[in-house]
Amino acid sequence: MILQIFLNIKLMKRALLVFAIMLVSLQTIAGDTIRVMQYNLLYYDRNTGWCNATNNNVDSKDGYLRDITGYYKPDIFTVNEMNGSVTSVQRLLDNVFVSNGQSYFKRANFAGSYLVNMLYYNSNKLGLKSQQYITTSPRITDVYQLYYKSEGLLRGDTTYLTCIVTHLKAGNTSSDQQDRATAAQQIMSFIENRNIRGNILIMGDMNVYYSSESAFQTLVTETQSGVRFFDPINKIGNWNNNPTYAQYHTQSTHTSNDNSCPSGGGMDDRFDFILATKPIMEGALGLQYVTNSYWAFGQDGNRFNQSLINPPNYSLPYQVINSLYNMSDHLPVVLKLYVDTDFSSVSAVTAVNRYRVSNPFNENISLWKQGGGVERVKIQIISILGELLFEDEITLFPGEKYIIPAENFRAGFYLMSIHGAGIKEVKRIVKQ
């Protein structure tokens, strides 16, 4: 009997040990997930002749948004049709996120007036590095650069994400299409001229009817520097009033203009998008699109020329569907990004940390010597496949900068080896 108890205890200890090892292994390979939601809010806190405090009440909209965001729990929430005032953009933060127990949410600033874009983000995971804007017509396009709060942040080692939020011209006339095309070209030129590379999302109500439209083609055509956007679900075609794409339509949640504010016509257009660059689609720079996570939130594919609520919609809880219906004539679009936390937290392997490197880099890699005397070192750049891409032996003085041309390097990460007398440093560097 005593022997049996002893054996049982021994087996239990062994099982616990195996479980602990498995748990540690899982934690070692585990990453993080960033949930993204893009939403046209339909005149949030903006009164017009057709959308007002009676048929588009902002207090009610705050409640609907609490239901929607509380269910999906986005880490990045970008919006169109926000009233252009500090009071309005702060109101949403306070009345939707903070009042829902998410006091760690922060917001960006806005540009423009009347109707503007906005970005809200989970500051436990993300920080806002910079914000710029593009003067597109009829509304400004906002460019936000976020960074992931990794363990390597204090070393300047993290993953970046640029979110471009736009709201292109509505309408289906040739003039409307030309306005959209002009804005799309301005956006791509801005990306090219400002040397924006790497992990980029462009999102918003783009009001395009067909993938053949010039505006859409401009976004998905590669620039001279190799930047282009991809549709994560690769559903390219004539979306307007086409039942083939019923599962992807985002507008309109209403069949009739029953209270004068939302557009009618039922679900028959794919106006709202989140498009991503190649590094996100392939996971080359620490962020990767999670397959099958892209969704017109609340769309079950049974809505063609019908409303969101008729026939009954069981894709989400009743309260969330009801809130989506009452909140806007658009559906939000959502996706998930996997964060490779190993990628964003691996530190440089250094014996003596005497050298500083521009990281991430674009066209050139800059190397500085920090302190000490004159040193002769061998510099090597090695790909993740072990290919030697660059090698040089140089003499560096303290504070001297050495430039390595890298315009032919593909986006991704590399190892820089610095060897000399008593010096052995290896740094992980990233091309955006």
# chains A, B, ... in the order shown; residues from 1 in each chain; ligands from 1
>>> residues_around(residues="A:Tyr160", least_positions_apart="6", cutoff="12 Å", atoms="only C-alpha atoms", output="number ranges by chain")
A: 125-130, 144-150, 153, 196-201, 279-280, 284-287, 339-340, 343-344, 359-360, 430-432
>>> write_last_selection(atoms="N, CA and C atoms", output="mmCIF file, in the first residue's frame")
data_model
loop_
_atom_site.group_PDB
_atom_site.id
_atom_site.type_symbol
_atom_site.label_atom_id
_atom_site.label_comp_id
_atom_site.auth_asym_id
_atom_site.auth_seq_id
_atom_site.Cartn_x
_atom_site.Cartn_y
_atom_site.Cartn_z
ATOM 1 N N LYS A 125 -0.295 47.741 -25.105
ATOM 2 C CA LYS A 125 0.422 47.015 -26.148
ATOM 3 C C LYS A 125 1.180 47.928 -27.102
ATOM 4 N N LEU A 126 0.634 49.124 -27.330
ATOM 5 C CA LEU A 126 1.129 49.966 -28.410
ATOM 6 C C LEU A 126 1.420 51.382 -27.946
ATOM 7 N N GLY A 127 2.331 52.029 -28.642
ATOM 8 C CA GLY A 127 2.606 53.441 -28.435
ATOM 9 C C GLY A 127 2.497 54.164 -29.762
ATOM 10 N N LEU A 128 2.181 55.452 -29.716
ATOM 11 C CA LEU A 128 2.080 56.271 -30.926
ATOM 12 C C LEU A 128 3.387 57.028 -31.099
ATOM 13 N N LYS A 129 4.140 56.689 -32.144
ATOM 14 C CA LYS A 129 5.430 57.334 -32.370
ATOM 15 C C LYS A 129 5.275 58.666 -33.087
ATOM 16 N N SER A 130 4.430 58.703 -34.119
ATOM 17 C CA SER A 130 4.298 59.936 -34.899
ATOM 18 C C SER A 130 2.962 59.968 -35.612
ATOM 19 N N TYR A 144 -0.536 57.400 -39.206
ATOM 20 C CA TYR A 144 -0.108 57.176 -37.819
ATOM 21 C C TYR A 144 0.956 56.080 -37.797
ATOM 22 N N GLN A 145 2.044 56.310 -37.066
ATOM 23 C CA GLN A 145 3.031 55.242 -36.870
ATOM 24 C C GLN A 145 2.995 54.788 -35.419
ATOM 25 N N LEU A 146 2.695 53.511 -35.247
ATOM 26 C CA LEU A 146 2.627 52.892 -33.923
ATOM 27 C C LEU A 146 3.830 51.979 -33.724
ATOM 28 N N TYR A 147 4.164 51.722 -32.475
ATOM 29 C CA TYR A 147 5.202 50.742 -32.172
ATOM 30 C C TYR A 147 4.686 49.788 -31.108
ATOM 31 N N TYR A 148 5.151 48.556 -31.200
ATOM 32 C CA TYR A 148 4.746 47.524 -30.248
ATOM 33 C C TYR A 148 5.622 47.612 -29.004
ATOM 34 N N LYS A 149 4.995 47.549 -27.834
ATOM 35 C CA LYS A 149 5.729 47.671 -26.574
ATOM 36 C C LYS A 149 6.321 46.314 -26.184
ATOM 37 N N SER A 150 7.430 46.006 -26.812
ATOM 38 C CA SER A 150 8.098 44.730 -26.573
ATOM 39 C C SER A 150 9.067 44.850 -25.405
ATOM 40 N N LEU A 153 12.086 47.193 -25.942
ATOM 41 C CA LEU A 153 11.819 48.594 -26.250
ATOM 42 C C LEU A 153 12.910 49.523 -25.730
ATOM 43 N N ILE A 196 8.254 55.727 -46.529
ATOM 44 C CA ILE A 196 7.535 54.870 -45.581
ATOM 45 C C ILE A 196 7.576 53.443 -46.115
ATOM 46 N N ARG A 197 8.065 52.523 -45.306
ATOM 47 C CA ARG A 197 8.259 51.151 -45.750
ATOM 48 C C ARG A 197 7.775 50.186 -44.667
ATOM 49 N N GLY A 198 7.801 48.905 -44.984
ATOM 50 C CA GLY A 198 7.574 47.886 -43.969
ATOM 51 C C GLY A 198 6.121 47.573 -43.717
ATOM 52 N N ASN A 199 5.754 47.474 -42.438
ATOM 53 C CA ASN A 199 4.400 47.095 -42.027
ATOM 54 C C ASN A 199 3.467 48.291 -42.165
ATOM 55 N N ILE A 200 2.608 48.268 -43.175
ATOM 56 C CA ILE A 200 1.677 49.373 -43.413
ATOM 57 C C ILE A 200 0.278 48.806 -43.651
ATOM 58 N N LEU A 201 -0.712 49.411 -43.008
ATOM 59 C CA LEU A 201 -2.119 49.160 -43.309
ATOM 60 C C LEU A 201 -2.717 50.440 -43.862
ATOM 61 N N PRO A 279 5.116 42.811 -46.314
ATOM 62 C CA PRO A 279 5.711 42.335 -45.055
ATOM 63 C C PRO A 279 4.681 41.842 -44.044
ATOM 64 N N ILE A 280 3.497 42.465 -44.013
ATOM 65 C CA ILE A 280 2.444 42.001 -43.105
ATOM 66 C C ILE A 280 1.857 40.684 -43.598
ATOM 67 N N ALA A 284 7.289 39.294 -42.551
ATOM 68 C CA ALA A 284 8.728 39.532 -42.682
ATOM 69 C C ALA A 284 9.289 40.461 -41.620
ATOM 70 N N LEU A 285 8.435 41.301 -41.016
ATOM 71 C CA LEU A 285 8.940 42.317 -40.088
ATOM 72 C C LEU A 285 8.228 42.278 -38.743
ATOM 73 N N GLY A 286 7.987 41.081 -38.246
ATOM 74 C CA GLY A 286 7.477 40.945 -36.885
ATOM 75 C C GLY A 286 5.975 41.005 -36.731
ATOM 76 N N LEU A 287 5.243 41.339 -37.786
ATOM 77 C CA LEU A 287 3.777 41.340 -37.775
ATOM 78 C C LEU A 287 3.284 40.502 -38.939
ATOM 79 N N VAL A 339 1.865 39.101 -33.601
ATOM 80 C CA VAL A 339 3.129 39.761 -33.284
ATOM 81 C C VAL A 339 4.140 38.696 -32.891
ATOM 82 N N ASP A 340 5.227 38.633 -33.625
ATOM 83 C CA ASP A 340 6.310 37.716 -33.274
ATOM 84 C C ASP A 340 7.122 38.370 -32.166
ATOM 85 N N PHE A 343 10.790 38.120 -32.393
ATOM 86 C CA PHE A 343 11.360 39.044 -33.378
ATOM 87 C C PHE A 343 11.561 40.425 -32.776
ATOM 88 N N SER A 344 10.560 40.889 -32.003
ATOM 89 C CA SER A 344 10.609 42.265 -31.510
ATOM 90 C C SER A 344 11.327 42.402 -30.185
ATOM 91 N N ASN A 359 18.741 51.363 -36.790
ATOM 92 C CA ASN A 359 17.920 50.157 -36.766
ATOM 93 C C ASN A 359 16.505 50.507 -36.325
ATOM 94 N N PRO A 360 15.479 50.339 -37.183
ATOM 95 C CA PRO A 360 15.535 49.748 -38.520
ATOM 96 C C PRO A 360 16.190 50.684 -39.534
ATOM 97 N N VAL A 430 17.070 45.400 -39.023
ATOM 98 C CA VAL A 430 15.830 45.194 -39.773
ATOM 99 C C VAL A 430 15.712 46.219 -40.886
ATOM 100 N N LYS A 431 15.415 45.749 -42.089
ATOM 101 C CA LYS A 431 15.087 46.669 -43.174
ATOM 102 C C LYS A 431 13.582 46.774 -43.297
ATOM 103 N N GLN A 432 13.070 47.999 -43.247
ATOM 104 C CA GLN A 432 11.622 48.220 -43.353
ATOM 105 C C GLN A 432 11.214 48.265 -44.810
#
>>> select_by_dssp(residues="stretch 214-329 of chain A", states="helix (DSSP H, G or I)", output="ChimeraX atom specification")
/A:214-220,243-248,278-282,318-327
>>> residues_around(residues="A:Ser315", least_positions_apart="6", cutoff="10 Å", atoms="only C-alpha atoms", output="list of chain:residue names")
A:Phe297, A:Gly298, A:Gln299, A:Asp300, A:Gly301, A:Ile321
>>> closest_residue(among="A:Met203, A:Ala411, A:Ile429, A:Val89", to="A:Phe229", atoms="only C-alpha atoms")
A:Met203
>>> closest_residue(among="A:Ile394, A:Leu388, A:Cys261, A:Ile309", to="A:Gly420", atoms="only C-alpha atoms")
A:Ile394
>>> residues_around(residues="A:Gln370", least_positions_apart="6", cutoff="9 Å", atoms="only C-alpha atoms", output="PyMOL selection string")
chain A and resi 353-356+397-400
>>> residues_around(residues="A:Thr244", least_positions_apart="2", cutoff="12 Å", atoms="only C-alpha atoms", output="list in words")
Lys235, Ile236, Gly237, Asn238, Trp239, Asn240, Asn241, Asn242, Ala246, Gln247, Tyr248, His249, Asp268, Asp269, Arg270, Gly301, Asn302, Arg303 and Phe304 of chain A
